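Some notes on the structure that comes next.
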Amino acid sequence: MYAVFRKIFLASMLALVTLTTGAWQSAGFAPAEGLQNDGPKTPLYPGLTWENLGSSSRIITLNMEGDTVSLSGTGHRASEQFDGRAPQDVRDYYSNTALAGAGWESFNAYETKDGVHYVFYNVSGYYLSVEYLDCPDAPSKICMTVWKSGHTDATGVVPSPVSGSAPPPATTTFSKVSPAKDSTGISPINTILKWNAYSTTPDKYSYCIKEGAVCELNDPEWTGTYLNTSVLLTNLDYNRTYYWQVKAITNASVIPKQYVLANGGVWWAFSTHPINSILIAGNAGVAGATLTYVDVVTRIVTADSLGQYAIVLPSGWTGTITPSKAGYTFSPTSVSFTNLTATQTIQNFTATPGVSTPYIISGNAGVAGAILSYTDGVPKTAVADSLGAYAFTVSPNWSGTVVPSKGSYYFTPASRTYNNIVSHQTSQNYTISIFIDVPSTYWAFNYIERLYTAGITGGCLLSPLSYCPGGTVTRAQMAIFLLRGIHGAGYVPPAVGASTGFNDVPTNYWAAAWIKQFAAEGVTSGCGSGNYCPEATTTQAQMAIFLLRSKHGSAYTPPAVGSSTGFNDVPTTHWAAAWIKQLAAEGISTGCGNSNFCPETNVTRAQMAMLVVRTFNLP
């Protein structure tokens with residue numbers, strides 16, 4: 001019976017995905033607004049350069065007995081290689097919490113000889129594997145691969161829709177092993193969590209580790225691991241205190257799952273060691289020479305009166321040091337280091353007077369791996385590091401143009417032109433944008449990019465990726481924006497059933513399920529006479545009500561309007577006066593300018609981005 005229910009459930013979810021995706025395409029919004037034709041979007045961090053590896057398979061473990069299934073899917077590999085661990089922004093992007101917001105739930109975590117694998121499952125029938133592996137051409141470095149399966153109903157242990165009882169009192173328990181309770185000096189890039197097996201084989205183990213505090217039992221950072229009683233962590237931070245716990249899930253097929261916590265529920269803590277520093281020192285060959293390098297940002301050290309210099313850097317630093325001084329050339333012209341872990345002394349240069357010195361152009365390209373192209377005698381390129389910083393030298397009195405590029409990103413400015421430079425050019429920064437029609441100088445740029453990052457929208461066109469900021473928002477589109485704002489990017493409404501509840505919304509309408517759920521949650525009752533008016537545009541006054549109900553619940557009523565609404569064009573007798581005043585009081589909208597609100601003006605997609613981000617406090 002349960003197997004039949006699961007197949008029916010997944011089939012209905014797939015049908016809903018197909019209806020939604022196809023309709024967005026027919027409306028010109030493409031699958032970027034929701035699920036793609038092949039399921040949920042593969043989460044590829046936009047700060048990395050991704051190579052499509054084509055079709056490949058993965059072995060998915062389905063239960064503690066070791067049953068597996070081989071699934072085909074598509075893999076992507078980042079071109080960037082990391083020393084020891086991925087950068088913080090990449091780790092945040094692929095954290096359980098962030099992926100849970102897009103509908104991916106932790107399913108399994110395990111270690112192989114080539115690295116660590118984190119497997120996630122999406123209720124629409126897809127698996128995702130995020131892998132931190134030894135680079136094939138550089139085993140000392142870490143490479144990232146992200147793989148997403150095709151659609152499947154191989155879900156392993158799936159909770160029953162029938163609620164179970166609360167976890168029974170533990171008759172036995174089990175213990176954590178390492179790191180020992182309150183231990184210190186733990187390596188943040190090579191930490192092994194280890195625990196003893198639970199005496200009765202459970203359905204699954206799950207662990208949670210969190211900086212500075214214990215995890216709540218419903219925290220998305222709980223990570224499943226079927227067969228293992230240990231896990232390798234490579235992405236912790238230096239000089240931090242972490243709390244960790246393990247639970248043996250004794251019955252994963254009921255809601256809530258039944259489990260036993262290790263050590264009778266007592267959390268253990270440990271501290272990682274501080275980041276180490278190393279020194280590079282030597283003689284630049286001449287007093288007053290400047291030595292330029294990148295450590296997060298471009299930095300300059302000046303040699304003393306004897307030409308001596310010293311540079312302090314974090315252990316594991318990779319980069320290049322370039323000396324310069326007007327009227328001198330240097331040998332070597334620069335010196336480079338990779339994953340430096342020991343102090344380097346006698347790093348000397350020879351300075352020769354009488355020859356002009358090349359100059360350095362440096363700044364931040366706005367994204368890791370950006371390529372800066374220019375011509376200095378011959379075409380040349382420089383590549384931004386993992387933080388977006390870059391630096392390169394050009395000939396004295398150089399004139400030319402530098403053009404940044406990376407994948408589908410758009411840069412502001414699109415290029416920088418120099419004429420006869422006679423000094424170092426620092427802080428030559430660029431900003432990036434995701435959408436071709438939303439440059440970083442656009443007034444709503446920040447809100448639109450935050451809406452995209454949160455997974456609420458994928459834009460209005462895929463090629464080139466566009467947002468259409470000046471376009472209006474229909475009532476059908478608004479239902480999807482706000483339901484995702486309420487429930488998260490991965491939310492999918494229930495199947496529409498036999499009726500939508502509105503005369504003008506048939507059950508085969510592309511947004512039928514969203515509109516029905518929007519009404520079911522009490523945010524709207526339609527536009528009157530049993531209709532929803534799905535293709536009608538949304539006014540600023542209507543949005544005030546929709547937003548406040550979405551934020552506070554269907555029963556919410558704003559305070560009485562009082563003697564003034566605060567806007568010249570909204571009298572206290574206006575039908576939405578109290579809602580408009582409260583929307584402004586909560587800092588969601590300040591109106592349309594000149595102390596006006598423009599209540600009957602249609603809401604644009606740019607304004608919608610700002611309103612949704614402010615309403616739901618999206619990061």
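All residue names refer to the structure tokens as shown: chains lettered A, B, ... in order, residues numbered from 1 in each chain, ligands numbered from 1 in order.
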Within 12 Å of range 37-47 of chain A, which residues of range 294-373 of chain A show up? Give each one with its shortest atom-to-atom distance in Å (one decimal) and the two atoms involved, counting only C-alpha atoms, rows by chain then rising residue number, as CSV.
residue,atom,partner,partner_atom,distance
A:Ala365,CA,A:Gly47,CA,11.1
A:Gly366,CA,A:Gly47,CA,8.9
A:Val367,CA,A:Gly47,CA,5.5
A:Ala368,CA,A:Gly47,CA,5.6
A:Gly369,CA,A:Gly47,CA,7.7
A:Ala370,CA,A:Gly47,CA,9.0
Enumerate, in order of chain and increasing residue number, the residues of range 427-457 of chain A with an atom no farther than 12 Å from range 289-310 of chain A, each with its shortest atom pair and distance in Å to one decimal, counting only C-alpha atoms, as JSON lines.
{"residue": "A:Ser427", "atom": "CA", "partner": "A:Thr298", "partner_atom": "CA", "distance": 8.2}
{"residue": "A:Gln428", "atom": "CA", "partner": "A:Thr298", "partner_atom": "CA", "distance": 10.4}
{"residue": "A:Asn429", "atom": "CA", "partner": "A:Val297", "partner_atom": "CA", "distance": 10.9}
Restrict the selected residues to C-alpha atoms and save them as a short mmCIF file (atom, residue, chain, number, x, y, z; two decimals), in the first residue's frame.
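The resulting file, part.cif, is shown below:
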data_model
loop_
_atom_site.label_atom_id
_atom_site.label_comp_id
_atom_site.auth_asym_id
_atom_site.auth_seq_id
_atom_site.Cartn_x
_atom_site.Cartn_y
_atom_site.Cartn_z
CA SER A 427 41.77 49.75 -6.84
CA GLN A 428 40.86 49.08 -10.47
CA ASN A 429 37.69 47.31 -9.43
#
From the list A:Leu618, A:Leu465, A:Ile371, A:Ala544, the nearest residue to Glu600 in chain A using only C-alpha atoms is A:Ala544
Contact residues around range 235-243 of chain A with only C-alpha atoms at 8 Å, ignoring same-chain residues under 2 positions, as a VMD selection string = chain A and resid 85 to 86 91 187 to 189 209 to 214 233 245 267 to 275
Residues flagged strand (DSSP E or B) by DSSP in range 284-375 of chain A, as number ranges by chain | A: 290-295, 297-302, 308-314, 317-324, 328-331, 335-340, 344, 350-353, 359-364, 371-375
Could you write out the selected residues, including C-alpha atoms, as a PDB file, in the first residue's frame?
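Final output, out_18.pdb:
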ATOM      1  CA  THR A 290      57.797  48.517  -3.301  1.00  0.00           C
ATOM      2  CA  LEU A 291      56.798  44.860  -3.216  1.00  0.00           C
ATOM      3  CA  THR A 292      53.247  44.185  -4.375  1.00  0.00           C
ATOM      4  CA  TYR A 293      51.231  41.032  -3.662  1.00  0.00           C
ATOM      5  CA  VAL A 294      47.634  39.936  -3.106  1.00  0.00           C
ATOM      6  CA  ASP A 295      46.351  38.693   0.263  1.00  0.00           C
ATOM      7  CA  VAL A 297      43.250  42.531  -1.405  1.00  0.00           C
ATOM      8  CA  THR A 298      46.263  44.022  -3.160  1.00  0.00           C
ATOM      9  CA  ARG A 299      48.947  44.987  -0.612  1.00  0.00           C
ATOM     10  CA  ILE A 300      52.265  46.849  -0.850  1.00  0.00           C
ATOM     11  CA  VAL A 301      55.340  46.642   1.415  1.00  0.00           C
ATOM     12  CA  THR A 302      58.189  49.174   1.072  1.00  0.00           C
ATOM     13  CA  GLN A 308      65.376  44.888   3.473  1.00  0.00           C
ATOM     14  CA  TYR A 309      61.717  43.812   3.484  1.00  0.00           C
ATOM     15  CA  ALA A 310      59.494  41.372   5.387  1.00  0.00           C
ATOM     16  CA  ILE A 311      55.972  40.210   4.551  1.00  0.00           C
ATOM     17  CA  VAL A 312      53.715  38.290   6.986  1.00  0.00           C
ATOM     18  CA  LEU A 313      51.169  35.964   5.343  1.00  0.00           C
ATOM     19  CA  PRO A 314      48.757  33.219   6.443  1.00  0.00           C
ATOM     20  CA  TRP A 317      49.223  31.323   1.028  1.00  0.00           C
ATOM     21  CA  THR A 318      49.508  31.144  -2.747  1.00  0.00           C
ATOM     22  CA  GLY A 319      50.538  34.171  -4.771  1.00  0.00           C
ATOM     23  CA  THR A 320      53.212  36.302  -6.450  1.00  0.00           C
ATOM     24  CA  ILE A 321      55.430  39.074  -5.062  1.00  0.00           C
ATOM     25  CA  THR A 322      56.541  41.721  -7.573  1.00  0.00           C
ATOM     26  CA  PRO A 323      59.188  44.396  -6.781  1.00  0.00           C
ATOM     27  CA  SER A 324      59.223  47.792  -8.483  1.00  0.00           C
ATOM     28  CA  TYR A 328      65.049  50.264 -11.950  1.00  0.00           C
ATOM     29  CA  THR A 329      64.524  46.806 -13.345  1.00  0.00           C
ATOM     30  CA  PHE A 330      64.547  43.751 -11.106  1.00  0.00           C
ATOM     31  CA  SER A 331      65.834  40.228 -11.406  1.00  0.00           C
ATOM     32  CA  VAL A 335      58.683  35.340  -7.325  1.00  0.00           C
ATOM     33  CA  SER A 336      55.696  33.005  -6.850  1.00  0.00           C
ATOM     34  CA  PHE A 337      54.699  30.599  -4.067  1.00  0.00           C
ATOM     35  CA  THR A 338      52.100  27.832  -3.859  1.00  0.00           C
ATOM     36  CA  ASN A 339      50.480  26.641  -0.611  1.00  0.00           C
ATOM     37  CA  LEU A 340      53.287  28.123   1.446  1.00  0.00           C
ATOM     38  CA  GLN A 344      60.994  31.844   3.388  1.00  0.00           C
ATOM     39  CA  THR A 350      68.786  42.451  -7.843  1.00  0.00           C
ATOM     40  CA  ALA A 351      67.876  46.021  -8.828  1.00  0.00           C
ATOM     41  CA  THR A 352      69.524  47.512 -11.929  1.00  0.00           C
ATOM     42  CA  PRO A 353      69.313  51.312 -12.339  1.00  0.00           C
ATOM     43  CA  TYR A 359      53.867  49.209 -13.535  1.00  0.00           C
ATOM     44  CA  ILE A 360      51.219  47.122 -11.792  1.00  0.00           C
ATOM     45  CA  ILE A 361      47.487  47.262 -12.472  1.00  0.00           C
ATOM     46  CA  SER A 362      45.526  45.681  -9.607  1.00  0.00           C
ATOM     47  CA  GLY A 363      42.081  45.525  -8.085  1.00  0.00           C
ATOM     48  CA  ASN A 364      39.119  43.193  -7.722  1.00  0.00           C
ATOM     49  CA  ILE A 371      39.853  36.668 -16.992  1.00  0.00           C
ATOM     50  CA  LEU A 372      41.296  40.122 -17.676  1.00  0.00           C
ATOM     51  CA  SER A 373      42.456  40.436 -21.287  1.00  0.00           C
ATOM     52  CA  TYR A 374      44.823  43.126 -22.595  1.00  0.00           C
ATOM     53  CA  THR A 375      47.610  43.610 -25.121  1.00  0.00           C
TER      54      THR A 375
END
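Nearest residue to Ser95 in chain A, choosing from A:Gly285, A:Gly455, A:Gly490, A:Pro220 and counting only C-alpha atoms: A:Pro220.
Checking A:Pro571, A:Gly497, A:Gly264, A:Gly115 one by one against Phe174 in chain A, counting only C-alpha atoms, you find the shortest gap at A:Gly264.
When only C-alpha atoms are used to compute distances to Ile580 in chain A, the closest of the residues A:Gly125, A:Gly288, A:Gly566, A:Gly471 turns out to be A:Gly566.
Across the model, the gap from CA of Glu111 in chain A to CA of Asn190 in chain A is 12.2 Å.
CA of Phe120 in chain A is found 22.3 Å from CA of Trp195 in chain A.
Closest approach to Val119 in chain A among A:Thr191, A:Thr97, A:Thr604, A:Thr225: A:Thr225, based on only C-alpha atoms.
Using only C-alpha atoms, the contacts of Lys141 in chain A at a cut-off of 10 Å, with sequence neighbours closer than 5 positions omitted, comprise Glu80, Gln81, Phe82, Asp83, Gly84, Arg85, Ala86, Tyr132, Leu133, Asp134, Cys135, Pro136 and Asn339 of chain A.
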Write out the residues from the selection above, keeping all heavy atoms, as a CSV table (one decimal), in the first residue's frame.
chain,number,residue,atom,x,y,z
A,80,GLU,N,38.2,25.9,-10.9
A,80,GLU,CA,39.1,26.4,-9.9
A,80,GLU,C,39.6,25.2,-9.0
A,80,GLU,O,38.8,24.2,-8.8
A,80,GLU,CB,38.4,27.4,-9.0
A,80,GLU,CG,38.1,28.7,-9.7
A,80,GLU,CD,36.9,28.7,-10.6
A,80,GLU,OE1,36.2,27.6,-10.7
A,80,GLU,OE2,36.7,29.7,-11.3
A,81,GLN,N,40.8,25.3,-8.5
A,81,GLN,CA,41.3,24.3,-7.6
A,81,GLN,C,41.7,25.0,-6.2
A,81,GLN,O,42.1,26.2,-6.2
A,81,GLN,CB,42.6,23.7,-8.1
A,81,GLN,CG,42.4,22.9,-9.4
A,81,GLN,CD,43.6,22.3,-10.0
A,81,GLN,OE1,44.7,22.6,-9.5
A,81,GLN,NE2,43.5,21.5,-11.0
A,82,PHE,N,41.4,24.3,-5.1
A,82,PHE,CA,41.5,24.9,-3.8
A,82,PHE,C,42.6,24.3,-3.0
A,82,PHE,O,42.9,23.1,-3.1
A,82,PHE,CB,40.2,24.8,-3.0
A,82,PHE,CG,39.0,25.3,-3.8
A,82,PHE,CD1,37.9,24.4,-4.1
A,82,PHE,CD2,38.9,26.6,-4.3
A,82,PHE,CE1,36.9,24.9,-4.8
A,82,PHE,CE2,37.9,27.0,-5.0
A,82,PHE,CZ,36.8,26.2,-5.3
A,83,ASP,N,43.3,25.1,-2.2
A,83,ASP,CA,44.3,24.6,-1.3
A,83,ASP,C,43.7,24.2,0.1
A,83,ASP,O,43.3,25.0,0.9
A,83,ASP,CB,45.4,25.7,-1.0
A,83,ASP,CG,46.2,26.0,-2.3
A,83,ASP,OD1,46.6,25.0,-2.9
A,83,ASP,OD2,46.3,27.2,-2.6
A,84,GLY,N,43.5,22.9,0.3
A,84,GLY,CA,43.0,22.4,1.6
A,84,GLY,C,41.5,22.4,1.7
A,84,GLY,O,41.0,21.4,2.2
A,85,ARG,N,40.8,23.4,1.3
A,85,ARG,CA,39.4,23.5,1.5
A,85,ARG,C,38.8,24.6,0.6
A,85,ARG,O,39.6,25.5,0.1
A,85,ARG,CB,39.0,23.8,2.9
A,85,ARG,CG,39.6,25.1,3.4
A,85,ARG,CD,39.1,25.4,4.8
A,85,ARG,NE,39.6,26.7,5.2
A,85,ARG,CZ,39.2,27.4,6.3
A,85,ARG,NH1,38.2,26.9,7.0
A,85,ARG,NH2,39.7,28.5,6.6
A,86,ALA,N,37.5,24.5,0.3
A,86,ALA,CA,36.9,25.5,-0.5
A,86,ALA,C,36.7,26.8,0.3
A,86,ALA,O,36.7,26.8,1.5
A,86,ALA,CB,35.5,25.0,-0.9
A,132,TYR,N,33.8,17.0,-2.9
A,132,TYR,CA,35.1,17.6,-2.7
A,132,TYR,C,36.2,16.6,-2.9
A,132,TYR,O,36.5,15.8,-2.0
A,132,TYR,CB,35.2,18.3,-1.3
A,132,TYR,CG,34.1,19.3,-1.1
A,132,TYR,CD1,32.9,19.0,-0.5
A,132,TYR,CD2,34.4,20.7,-1.3
A,132,TYR,CE1,31.9,19.9,-0.3
A,132,TYR,CE2,33.4,21.6,-1.1
A,132,TYR,CZ,32.2,21.2,-0.6
A,132,TYR,OH,31.2,22.2,-0.3
A,133,LEU,N,36.9,16.6,-4.0
A,133,LEU,CA,37.7,15.5,-4.4
A,133,LEU,C,39.2,15.9,-4.7
A,133,LEU,O,39.4,17.1,-5.0
A,133,LEU,CB,37.2,14.8,-5.7
A,133,LEU,CG,35.7,14.4,-5.6
A,133,LEU,CD1,35.3,13.8,-7.0
A,133,LEU,CD2,35.5,13.4,-4.5
A,134,ASP,N,40.1,15.0,-4.6
A,134,ASP,CA,41.5,15.3,-5.0
A,134,ASP,C,41.5,15.6,-6.5
A,134,ASP,O,40.9,14.9,-7.3
A,134,ASP,CB,42.4,14.1,-4.7
A,134,ASP,CG,42.5,13.8,-3.2
A,134,ASP,OD1,42.3,14.8,-2.4
A,134,ASP,OD2,42.8,12.7,-2.8
A,135,CYS,N,42.2,16.7,-6.9
A,135,CYS,CA,42.2,17.1,-8.3
A,135,CYS,C,43.0,16.0,-9.0
A,135,CYS,O,44.1,15.6,-8.6
A,135,CYS,CB,42.8,18.4,-8.5
A,135,CYS,SG,41.9,19.8,-7.7
A,136,PRO,N,42.5,15.6,-10.2
A,136,PRO,CA,43.2,14.5,-10.9
A,136,PRO,C,44.6,14.9,-11.3
A,136,PRO,O,45.5,14.1,-11.3
A,136,PRO,CB,42.3,14.3,-12.2
A,136,PRO,CG,41.0,14.8,-11.8
A,136,PRO,CD,41.2,15.9,-10.8
A,339,ASN,N,50.8,27.3,-1.9
A,339,ASN,CA,50.5,26.6,-0.6
A,339,ASN,C,51.7,26.7,0.4
A,339,ASN,O,52.1,25.7,0.9
A,339,ASN,CB,50.1,25.2,-0.9
A,339,ASN,CG,49.4,24.5,0.3
A,339,ASN,OD1,48.9,25.2,1.2
A,339,ASN,ND2,49.5,23.2,0.4
Considering only C-alpha atoms, return as a PyMOL selection string whatever protein or nucleic-acid residues lie within 10 Å of range 512-514 of chain A, sequence-local ones (same chain, fewer than 2 positions apart) excluded.
-> chain A and resi 16+19-20+476-484+492-497+499-502+505-510+516-520+534
For the residues in that selection, give me N, CA, C and O atoms as a short mmCIF file (atom, residue, chain, number, x, y, z; two decimals), in the first residue's frame.
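Contents of the output file result-v3.cif:
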data_model
loop_
_atom_site.label_atom_id
_atom_site.label_comp_id
_atom_site.auth_asym_id
_atom_site.auth_seq_id
_atom_site.Cartn_x
_atom_site.Cartn_y
_atom_site.Cartn_z
N LEU A 16 2.80 18.04 -11.85
CA LEU A 16 2.75 19.45 -11.48
C LEU A 16 3.96 20.20 -12.01
O LEU A 16 3.85 21.29 -12.54
N LEU A 19 3.54 20.73 -15.78
CA LEU A 19 2.59 21.80 -16.09
C LEU A 19 3.19 23.16 -15.83
O LEU A 19 3.09 24.08 -16.64
N THR A 20 3.82 23.31 -14.67
CA THR A 20 4.39 24.61 -14.32
C THR A 20 5.48 25.02 -15.29
O THR A 20 5.51 26.13 -15.79
N ALA A 476 -1.08 36.03 -11.46
CA ALA A 476 -0.62 34.65 -11.45
C ALA A 476 0.84 34.57 -11.03
O ALA A 476 1.22 33.74 -10.20
N GLN A 477 1.67 35.42 -11.63
CA GLN A 477 3.09 35.44 -11.27
C GLN A 477 3.28 35.81 -9.80
O GLN A 477 4.13 35.25 -9.11
N MET A 478 2.46 36.75 -9.34
CA MET A 478 2.57 37.20 -7.96
C MET A 478 2.32 36.06 -6.98
O MET A 478 2.97 35.94 -5.93
N ALA A 479 1.38 35.16 -7.31
CA ALA A 479 1.11 34.02 -6.43
C ALA A 479 2.36 33.18 -6.23
O ALA A 479 2.66 32.73 -5.12
N ILE A 480 3.14 32.98 -7.30
CA ILE A 480 4.35 32.16 -7.20
C ILE A 480 5.43 32.91 -6.41
O ILE A 480 6.08 32.33 -5.53
N PHE A 481 5.65 34.18 -6.71
CA PHE A 481 6.62 34.98 -5.97
C PHE A 481 6.37 34.88 -4.46
O PHE A 481 7.29 34.61 -3.67
N LEU A 482 5.13 35.11 -4.05
CA LEU A 482 4.84 35.22 -2.62
C LEU A 482 4.80 33.85 -1.93
O LEU A 482 5.23 33.73 -0.78
N LEU A 483 4.32 32.82 -2.60
CA LEU A 483 4.34 31.49 -1.97
C LEU A 483 5.77 31.01 -1.78
O LEU A 483 6.09 30.38 -0.77
N ARG A 484 6.66 31.30 -2.74
CA ARG A 484 8.07 30.95 -2.54
C ARG A 484 8.68 31.80 -1.44
O ARG A 484 9.55 31.33 -0.70
N VAL A 492 6.73 23.51 -3.59
CA VAL A 492 5.83 23.12 -4.68
C VAL A 492 4.44 22.96 -4.06
O VAL A 492 4.27 22.22 -3.09
N PRO A 493 3.43 23.63 -4.61
CA PRO A 493 2.09 23.55 -3.99
C PRO A 493 1.46 22.18 -4.21
O PRO A 493 1.88 21.42 -5.09
N PRO A 494 0.41 21.86 -3.45
CA PRO A 494 -0.29 20.59 -3.66
C PRO A 494 -0.91 20.53 -5.05
O PRO A 494 -1.14 21.56 -5.69
N ALA A 495 -1.17 19.31 -5.53
CA ALA A 495 -1.83 19.15 -6.82
C ALA A 495 -3.17 19.87 -6.81
O ALA A 495 -3.84 19.96 -5.78
N VAL A 496 -3.56 20.40 -7.96
CA VAL A 496 -4.72 21.28 -8.02
C VAL A 496 -6.03 20.53 -7.79
O VAL A 496 -7.00 21.10 -7.30
N GLY A 497 -6.09 19.23 -8.13
CA GLY A 497 -7.32 18.49 -7.92
C GLY A 497 -8.37 18.79 -8.97
O GLY A 497 -8.06 19.18 -10.10
N SER A 499 -10.74 21.14 -9.01
CA SER A 499 -11.16 22.53 -9.20
C SER A 499 -10.17 23.48 -8.56
O SER A 499 -9.56 23.15 -7.54
N THR A 500 -10.04 24.68 -9.16
CA THR A 500 -9.17 25.70 -8.58
C THR A 500 -9.93 26.59 -7.62
O THR A 500 -9.31 27.32 -6.85
N GLY A 501 -11.27 26.56 -7.72
CA GLY A 501 -12.07 27.45 -6.88
C GLY A 501 -12.37 28.78 -7.53
O GLY A 501 -13.09 29.60 -6.96
N PHE A 502 -11.85 29.00 -8.76
CA PHE A 502 -12.10 30.26 -9.47
C PHE A 502 -12.64 29.96 -10.86
O PHE A 502 -12.15 29.07 -11.57
N VAL A 505 -10.00 30.31 -13.79
CA VAL A 505 -8.74 29.58 -13.68
C VAL A 505 -9.04 28.08 -13.83
O VAL A 505 -9.35 27.39 -12.84
N PRO A 506 -8.98 27.55 -15.06
CA PRO A 506 -9.20 26.11 -15.23
C PRO A 506 -8.09 25.29 -14.58
O PRO A 506 -6.99 25.80 -14.33
N THR A 507 -8.34 24.03 -14.35
CA THR A 507 -7.34 23.19 -13.68
C THR A 507 -6.10 22.96 -14.52
O THR A 507 -5.05 22.60 -13.99
N ASN A 508 -6.20 23.19 -15.84
CA ASN A 508 -5.01 23.01 -16.69
C ASN A 508 -4.28 24.32 -16.94
O ASN A 508 -3.36 24.38 -17.76
N TYR A 509 -4.66 25.39 -16.24
CA TYR A 509 -3.94 26.66 -16.36
C TYR A 509 -2.55 26.49 -15.76
O TYR A 509 -2.38 25.80 -14.74
N TRP A 510 -1.52 27.10 -16.36
CA TRP A 510 -0.14 26.84 -15.98
C TRP A 510 0.15 27.13 -14.50
O TRP A 510 1.01 26.48 -13.89
N LYS A 516 -4.55 28.31 -6.54
CA LYS A 516 -5.43 27.67 -5.55
C LYS A 516 -4.82 27.70 -4.16
O LYS A 516 -5.51 27.99 -3.17
N GLN A 517 -3.53 27.42 -4.07
CA GLN A 517 -2.87 27.43 -2.76
C GLN A 517 -2.78 28.83 -2.19
O GLN A 517 -2.90 29.04 -0.98
N PHE A 518 -2.57 29.82 -3.07
CA PHE A 518 -2.49 31.22 -2.64
C PHE A 518 -3.80 31.62 -1.95
O PHE A 518 -3.80 32.28 -0.91
N ALA A 519 -4.92 31.18 -2.53
CA ALA A 519 -6.22 31.46 -1.92
C ALA A 519 -6.42 30.62 -0.67
O ALA A 519 -6.97 31.09 0.33
N ALA A 520 -5.96 29.34 -0.70
CA ALA A 520 -6.15 28.45 0.45
C ALA A 520 -5.45 28.99 1.69
O ALA A 520 -5.91 28.77 2.82
N PRO A 534 -6.20 36.10 -13.39
CA PRO A 534 -4.78 35.73 -13.33
C PRO A 534 -3.87 36.57 -14.21
O PRO A 534 -2.69 36.75 -13.89
#
Leaving out Thr229 in chain A and any residue of its chain fewer than 3 positions from it, which residues lie within 12 Å of it when counting only C-alpha atoms, given as a VMD selection string?
-> chain A and resid 64 109 to 111 174 to 178 192 to 198 201 to 202 204 to 207 224 to 226 232 246 to 248 262
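With distances restricted to only C-alpha atoms, A:Glu535 is the closest residue to Asp504 in chain A from A:Asp376, A:Glu131, A:Glu535, A:Asp219.
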